[in-house]
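Participant: Here you go, this is structure08.tsv (TSV, C-alpha atoms and all ligand atoms).
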```
chain	number	residue	atom	x	y	z
A	1	MET	CA	113.20	134.28	98.78
A	2	VAL	CA	110.53	132.26	100.50
A	3	GLU	CA	108.21	135.29	100.73
A	4	ASN	CA	108.10	135.69	96.96
A	5	LYS	CA	106.92	132.17	96.25
A	6	PRO	CA	103.23	132.23	95.28
A	7	LYS	CA	101.18	130.51	97.94
A	8	LEU	CA	99.05	127.50	97.10
A	9	VAL	CA	97.06	124.87	98.95
A	10	VAL	CA	95.26	122.10	97.09
A	11	ALA	CA	92.86	119.94	99.11
A	12	LEU	CA	91.83	116.62	97.57
A	13	ILE	CA	88.51	115.39	98.89
A	14	GLY	CA	86.94	112.10	97.89
A	15	PRO	CA	85.57	108.79	99.13
A	16	PRO	CA	87.93	105.95	100.08
A	17	GLY	CA	89.63	104.69	96.95
A	18	SER	CA	88.95	107.80	94.87
A	19	GLY	CA	92.69	108.22	94.25
A	20	LYS	CA	93.54	110.90	96.80
A	21	GLY	CA	96.84	109.15	97.56
A	22	THR	CA	97.94	108.44	94.02
A	23	GLN	CA	96.79	111.74	92.54
A	24	GLY	CA	97.97	113.64	95.59
A	25	MET	CA	101.53	112.37	95.25
A	26	LEU	CA	101.57	113.16	91.53
A	27	LEU	CA	100.17	116.65	92.04
A	28	ALA	CA	102.58	117.35	94.87
A	29	GLU	CA	105.50	116.42	92.63
A	30	LYS	CA	104.22	118.35	89.62
A	31	LEU	CA	103.34	121.52	91.53
A	32	GLY	CA	106.11	121.43	94.14
A	33	LEU	CA	103.74	120.99	97.07
A	34	TYR	CA	104.32	119.25	100.38
A	35	TYR	CA	102.29	116.03	100.33
A	36	PHE	CA	100.22	116.19	103.48
A	37	GLU	CA	98.44	112.94	104.24
A	38	THR	CA	96.15	113.08	107.24
A	39	SER	CA	95.99	109.31	107.67
A	40	LYS	CA	99.78	109.17	107.83
A	41	ILE	CA	99.81	111.73	110.63
A	42	LEU	CA	97.15	109.77	112.50
A	43	GLU	CA	98.80	106.40	111.96
A	44	GLY	CA	102.12	107.86	113.11
A	45	LYS	CA	100.47	109.09	116.28
A	46	PHE	CA	98.83	105.70	116.92
A	47	LYS	CA	102.11	103.88	116.43
A	48	GLU	CA	104.20	105.95	118.82
A	49	ALA	CA	101.57	106.57	121.51
A	50	THR	CA	101.84	105.03	124.94
A	51	ASP	CA	98.81	103.27	126.44
A	52	ASP	CA	97.49	106.17	128.50
A	53	GLU	CA	98.53	109.00	126.19
A	54	PHE	CA	95.96	111.65	125.30
A	55	VAL	CA	95.67	114.97	123.52
A	56	GLU	CA	93.83	117.75	125.29
A	57	VAL	CA	91.81	120.12	123.10
A	58	ASN	CA	89.63	122.82	124.69
A	59	SER	CA	89.93	121.01	128.04
A	60	GLN	CA	88.58	117.79	126.54
A	61	LYS	CA	90.78	114.71	126.63
A	62	PHE	CA	91.12	112.48	123.59
A	63	PHE	CA	92.85	109.21	124.36
A	64	ILE	CA	95.00	108.00	121.48
A	65	LYS	CA	93.96	104.41	122.16
A	66	ASP	CA	90.25	105.27	121.71
A	67	GLU	CA	90.95	107.23	118.54
A	68	HIS	CA	92.91	104.28	117.19
A	69	GLN	CA	89.96	101.96	117.87
A	70	LEU	CA	87.58	104.26	115.96
A	71	TRP	CA	90.03	104.28	113.09
A	72	LEU	CA	90.24	100.48	113.01
A	73	ASP	CA	86.43	100.27	112.98
A	74	GLY	CA	86.24	102.55	109.93
A	75	ILE	CA	84.79	105.43	111.96
A	76	LEU	CA	86.33	108.86	111.51
A	77	CYS	CA	88.42	109.96	114.49
A	78	SER	CA	87.09	112.71	116.78
A	79	PRO	CA	87.12	115.95	114.79
A	80	PRO	CA	88.72	118.15	117.51
A	81	PHE	CA	91.52	115.60	117.88
A	82	VAL	CA	92.19	115.44	114.13
A	83	SER	CA	91.82	119.18	113.70
A	84	TYR	CA	94.36	119.83	116.44
A	85	LEU	CA	96.99	117.47	114.99
A	86	VAL	CA	96.47	118.78	111.47
A	87	GLN	CA	96.79	122.42	112.50
A	88	GLU	CA	99.96	121.74	114.48
A	89	LYS	CA	101.52	120.07	111.46
A	90	ILE	CA	100.38	122.78	109.04
A	91	LYS	CA	101.79	125.50	111.29
A	92	GLY	CA	105.25	123.93	111.13
A	93	LEU	CA	105.13	123.46	107.37
A	94	HIS	CA	103.98	127.03	106.75
A	95	GLN	CA	106.89	128.32	108.81
A	96	LYS	CA	109.21	126.43	106.48
A	97	GLY	CA	107.60	128.13	103.48
A	98	GLU	CA	105.94	124.96	102.18
A	99	ASN	CA	102.90	124.94	99.94
A	100	LEU	CA	100.53	122.07	100.61
A	101	LEU	CA	98.71	119.24	98.99
A	102	LEU	CA	96.15	118.01	101.51
A	103	SER	CA	95.11	114.44	100.93
A	104	GLY	CA	92.00	113.59	102.94
A	105	SER	CA	91.75	116.74	105.02
A	106	PRO	CA	89.43	118.20	106.13
A	107	ARG	CA	87.12	115.20	106.45
A	108	THR	CA	84.35	116.48	108.71
A	109	LEU	CA	82.39	119.73	108.85
A	110	HIS	CA	83.90	120.45	112.26
A	111	GLU	CA	87.42	120.11	110.84
A	112	ALA	CA	86.54	122.24	107.80
A	113	GLN	CA	85.15	125.00	110.00
A	114	GLU	CA	88.45	125.13	111.89
A	115	ILE	CA	91.01	124.19	109.26
A	116	MET	CA	89.74	126.28	106.33
A	117	PRO	CA	89.85	129.65	108.15
A	118	PHE	CA	93.18	128.60	109.67
A	119	LEU	CA	94.58	127.86	106.20
A	120	ALA	CA	93.07	131.07	104.80
A	121	GLY	CA	94.88	133.03	107.51
A	122	LEU	CA	98.21	131.52	106.53
A	123	TYR	CA	97.87	131.17	102.76
A	124	GLY	CA	94.99	133.48	101.73
A	125	ALA	CA	91.54	132.12	100.90
A	126	GLY	CA	92.04	132.78	97.18
A	127	ASN	CA	95.06	130.47	97.11
A	128	ILE	CA	93.15	127.47	98.43
A	129	LYS	CA	91.72	125.09	95.87
A	130	ILE	CA	89.47	122.19	96.73
A	131	VAL	CA	89.18	119.31	94.32
A	132	PHE	CA	86.41	116.79	94.80
A	133	LEU	CA	87.27	113.42	93.22
A	134	ASP	CA	83.95	111.89	92.28
A	135	ILE	CA	83.65	108.10	91.85
A	136	SER	CA	80.76	105.66	92.20
A	137	ALA	CA	80.20	103.56	95.32
A	138	GLN	CA	80.72	100.42	93.24
A	139	GLU	CA	84.12	101.63	92.04
A	140	THR	CA	85.08	102.58	95.59
A	141	ILE	CA	84.40	99.09	96.86
A	142	PHE	CA	86.25	97.46	93.98
A	143	ARG	CA	89.33	99.64	94.38
A	144	ASN	CA	89.48	99.34	98.15
A	145	SER	CA	89.14	95.60	98.27
A	146	ASN	CA	92.12	95.30	95.90
A	147	ARG	CA	94.22	98.10	97.32
A	148	ARG	CA	97.73	97.56	98.64
A	149	ILE	CA	100.40	99.88	99.98
A	150	CYS	CA	104.12	99.39	100.46
A	151	ASP	CA	105.31	98.57	103.93
A	152	LEU	CA	108.12	101.12	104.07
A	153	MET	CA	106.76	104.37	102.62
A	154	ARG	CA	103.05	103.60	102.22
A	155	HIS	CA	103.25	104.16	98.46
A	156	PRO	CA	99.76	103.38	97.17
A	157	ILE	CA	99.72	100.56	94.61
A	158	LEU	CA	96.83	100.69	92.19
A	159	TYR	CA	95.19	97.47	91.18
A	160	ASN	CA	95.41	96.74	87.46
A	161	GLU	CA	96.73	94.16	85.01
A	162	GLU	CA	100.32	95.42	85.36
A	163	THR	CA	100.38	95.53	89.14
A	164	LYS	CA	98.23	92.62	90.26
A	165	ASP	CA	101.15	90.14	90.54
A	166	LEU	CA	103.64	92.61	92.01
A	167	THR	CA	104.97	91.72	95.45
A	168	LYS	CA	107.54	94.51	95.99
A	169	CYS	CA	107.34	98.29	95.79
A	170	ALA	CA	108.92	99.58	92.57
A	171	PHE	CA	110.38	102.61	94.38
A	172	ASP	CA	111.97	101.11	97.47
A	173	GLY	CA	111.68	97.31	97.18
A	174	SER	CA	109.67	96.87	100.37
A	175	ASP	CA	106.81	94.35	100.60
A	176	LEU	CA	103.33	95.26	99.39
A	177	VAL	CA	100.74	94.78	102.08
A	178	LYS	CA	97.00	95.22	102.61
A	179	ARG	CA	96.01	97.82	105.14
A	180	LYS	CA	94.90	95.65	108.05
A	181	GLY	CA	91.20	95.94	108.74
A	182	LEU	CA	90.71	99.25	106.96
A	183	ASP	CA	90.18	97.74	103.53
A	184	ASP	CA	87.98	94.80	104.55
A	185	PRO	CA	84.63	94.89	102.69
A	186	GLU	CA	82.59	95.51	105.86
A	187	THR	CA	84.88	98.30	106.99
A	188	ILE	CA	84.83	99.85	103.53
A	189	LYS	CA	81.03	100.06	103.67
A	190	ILE	CA	81.22	101.89	106.99
A	191	ARG	CA	83.88	104.23	105.61
A	192	LEU	CA	81.71	104.99	102.59
A	193	THR	CA	78.71	105.86	104.76
A	194	GLN	CA	80.97	107.98	106.94
A	195	PHE	CA	82.15	109.81	103.85
A	196	GLU	CA	78.65	110.51	102.61
A	197	GLU	CA	77.26	111.61	105.95
A	198	ARG	CA	80.22	113.41	107.46
A	199	THR	CA	82.58	114.51	104.67
A	200	MET	CA	80.22	115.49	101.84
A	201	PRO	CA	78.73	118.42	103.82
A	202	ILE	CA	82.08	120.21	103.79
A	203	LEU	CA	81.82	120.82	100.04
A	204	LYS	CA	78.72	122.94	100.58
A	205	TYR	CA	80.38	124.72	103.50
A	206	CYS	CA	83.43	125.54	101.35
A	207	GLU	CA	81.34	126.83	98.45
A	208	GLU	CA	79.18	128.96	100.72
A	209	ASN	CA	82.26	130.47	102.27
A	210	GLY	CA	83.85	131.48	99.01
A	211	TYR	CA	86.43	128.75	98.49
A	212	LYS	CA	86.96	127.40	95.00
A	213	VAL	CA	85.60	123.85	94.70
A	214	SER	CA	86.07	121.82	91.50
A	215	LYS	CA	84.33	118.55	90.91
A	216	VAL	CA	86.46	116.13	88.89
A	217	ASN	CA	85.47	112.73	87.53
A	218	GLY	CA	87.77	110.31	89.39
A	219	GLU	CA	87.08	107.28	87.23
A	220	GLY	CA	89.39	106.16	84.44
A	221	SER	CA	93.16	105.89	84.16
A	222	VAL	CA	95.49	107.67	86.56
A	223	ALA	CA	96.85	109.82	83.73
A	224	LYS	CA	93.37	110.81	82.56
A	225	VAL	CA	92.19	111.79	86.04
A	226	PHE	CA	95.45	113.67	86.64
A	227	GLU	CA	94.91	115.65	83.45
A	228	ARG	CA	91.37	116.56	84.59
A	229	ILE	CA	92.62	117.75	87.96
A	230	ILE	CA	95.37	119.92	86.43
A	231	LYS	CA	92.79	121.45	84.09
A	232	SER	CA	90.45	122.19	87.00
A	233	LEU	CA	93.21	124.03	88.84
A	234	SER	CA	94.05	126.43	86.05
A	301	ZN	ZN	107.32	102.11	98.44
```
For this file, write the structure as structure tokens.
Ligand SMILES: [Zn+2]
Facilitator:
Amino acid sequence: MVENKPKLVVALIGPPGSGKGTQGMLLAEKLGLYYFETSKILEGKFKEATDDEFVEVNSQKFFIKDEHQLWLDGILCSPPFVSYLVQEKIKGLHQKGENLLLSGSPRTLHEAQEIMPFLAGLYGAGNIKIVFLDISAQETIFRNSNRRICDLMRHPILYNEETKDLTKCAFDGSDLVKRKGLDDPETIKIRLTQFEERTMPILKYCEENGYKVSKVNGEGSVAKVFERIIKSLS
């Protein structure tokens, strides 16, 4: 019975390149969670949108084209726009009885103030766990400038000795590509500043409002970081 399944939401928060994608997919598999990637929802919306399409939130219009441009510039999309899309998607997943692994959501205080109470209403505040993946700015820049994803499923490919010469995804055989624009050094710097100024404040908000926040060292091997995260959740 769906009702008997213990509810759980894990939210991975961290700067670009902190491993939210890689660790998120592993955690989702290990814990049986739906892997919820905010950037995938946004990119999907950008891809399918017509030129004059907009989303209306609280009688304010957000044009998809404008949001896409912010995204390409490394600026976080308008919080009400993101918050609306995320809540719509979460609503549907909750109805299906899914537990969630949120990768990169919430990413602004505005989103946190809307999404956290929304999640608490559906899953119970005590079942929401926030994990902050902490890595240095230097490591962020290194990882992002070498990052690739697969063209078909967006599988994140870590940069290391074993993977640096790979050209195809090991899971589905599609080409490995760089994320256009997003992972350019200049854009990464903007994204880092955005993270520090706009995303970091949500950790304080979450703590002050009684959500469990664990800080995990995100540097080191994937396996090591994964182990730390699992430990922090128990
Ligand atoms: Zn793939």
Participant: Can you pull out every residue with an atom within 7 Å of ligand ZN 301 (chain A)? Use only C-alpha atoms and all ligand atoms and format it as a ChimeraX atom specification.
Facilitator: /A:150-155,169-174
Participant: Using only C-alpha atoms, which of A:Pro156, A:Pro6, A:Gly24, A:Pro15 sits nearest Phe195 of chain A?
Facilitator: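 Counting only C-alpha atoms, the residue closest to Phe195 of chain A is A:Pro15.
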Participant: Have a look at atom CA of Leu72 of chain A and atom CA of Gln87 of chain A and let me know their distance in Å, one decimal.
Facilitator: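 Distance between the two atoms: 22.9 Å.
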Participant: Between A:Gln194, A:Leu133, A:Leu76, A:Glu67, which residue has the minimum interatomic distance to Ile229 of chain A, considering all atoms listed in the file?
Facilitator: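 Closest candidate: A:Leu133.
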Participant: Closest to Lys212 of chain A among A:Glu186, A:Leu192, A:Ala28, A:Phe132, using all atoms listed in the file?
Facilitator: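 Closest to Lys212 of chain A, using all atoms listed in the file: A:Phe132.
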Participant: Can you find the residues with an atom no farther than 12 Å from (85.0, 100.9, 91.1), counting only C-alpha atoms, and report them as an MDAnalysis selection string?
Facilitator: chainID A and resid 15:19 134:147 158:160 218:221
Participant: Would you mind reading off the distance between atom CA of Leu12 of chain A and atom CA of Ile130 of chain A, one decimal, in Å?
Facilitator: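 Pair atom CA of Leu12 of chain A / atom CA of Ile130 of chain A returns 6.1 Å.
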Participant: Would you mind listing what lies within 12 Å of Lys40 of chain A as a count of residues only, with only C-alpha atoms counted and same-chain residues fewer than 2 positions away left out?
Facilitator: 22
Participant: Could you jot down the atom CA of Ile64 of chain A to atom CA of Arg198 of chain A separation for me, Å, one decimal place?
Facilitator: 21.1 Å
Participant: Go through A:Lys178, A:Lys96, A:Lys129, A:Lys65 and flag the residue nearest Ser232 of chain A, using all atoms listed in the file for the distances.
Facilitator: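 Smallest distance to Ser232 of chain A is found for A:Lys129.
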Participant: Choose the residue, out of A:Ser83, A:Val131, A:Phe54, A:Thr199, that has the smallest atom-to-atom separation from Phe118 of chain A; count only C-alpha atoms.
Facilitator: A:Ser83
Participant: So which residues touch Leu27 of chain A within 9 Å, counting only C-alpha atoms, skipping near sequence neighbours fewer than 3 positions away, as a list in words?
Facilitator: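 The neighbour list is Val10, Thr22, Gln23, Gly24, Lys30, Leu31, Gly32, Leu33, Tyr35, Leu101, Phe226, Ile229 and Ile230 of chain A.
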Participant: Which residue is closest to Lys5 of chain A? Choose from A:Glu88, A:Glu98, A:Glu162, A:Asp52 and count only C-alpha atoms.
Facilitator: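 Looking at the shortest contact to Lys5 of chain A, the residue is A:Glu98.
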Participant: Residues near Glu56 of chain A, anyone? I mean within 12 Å using only C-alpha atoms, not counting same-chain ones fewer than 3 positions away, as a list of chain:residue names.
Facilitator: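 Skipping anything fewer than 3 positions along the chain leaves A:Glu53, A:Ser59, A:Gln60, A:Lys61, A:Phe62, A:Phe63, A:Ile64, A:Ser78, A:Pro80, A:Phe81, A:Val82, A:Ser83, A:Tyr84, A:Leu85.
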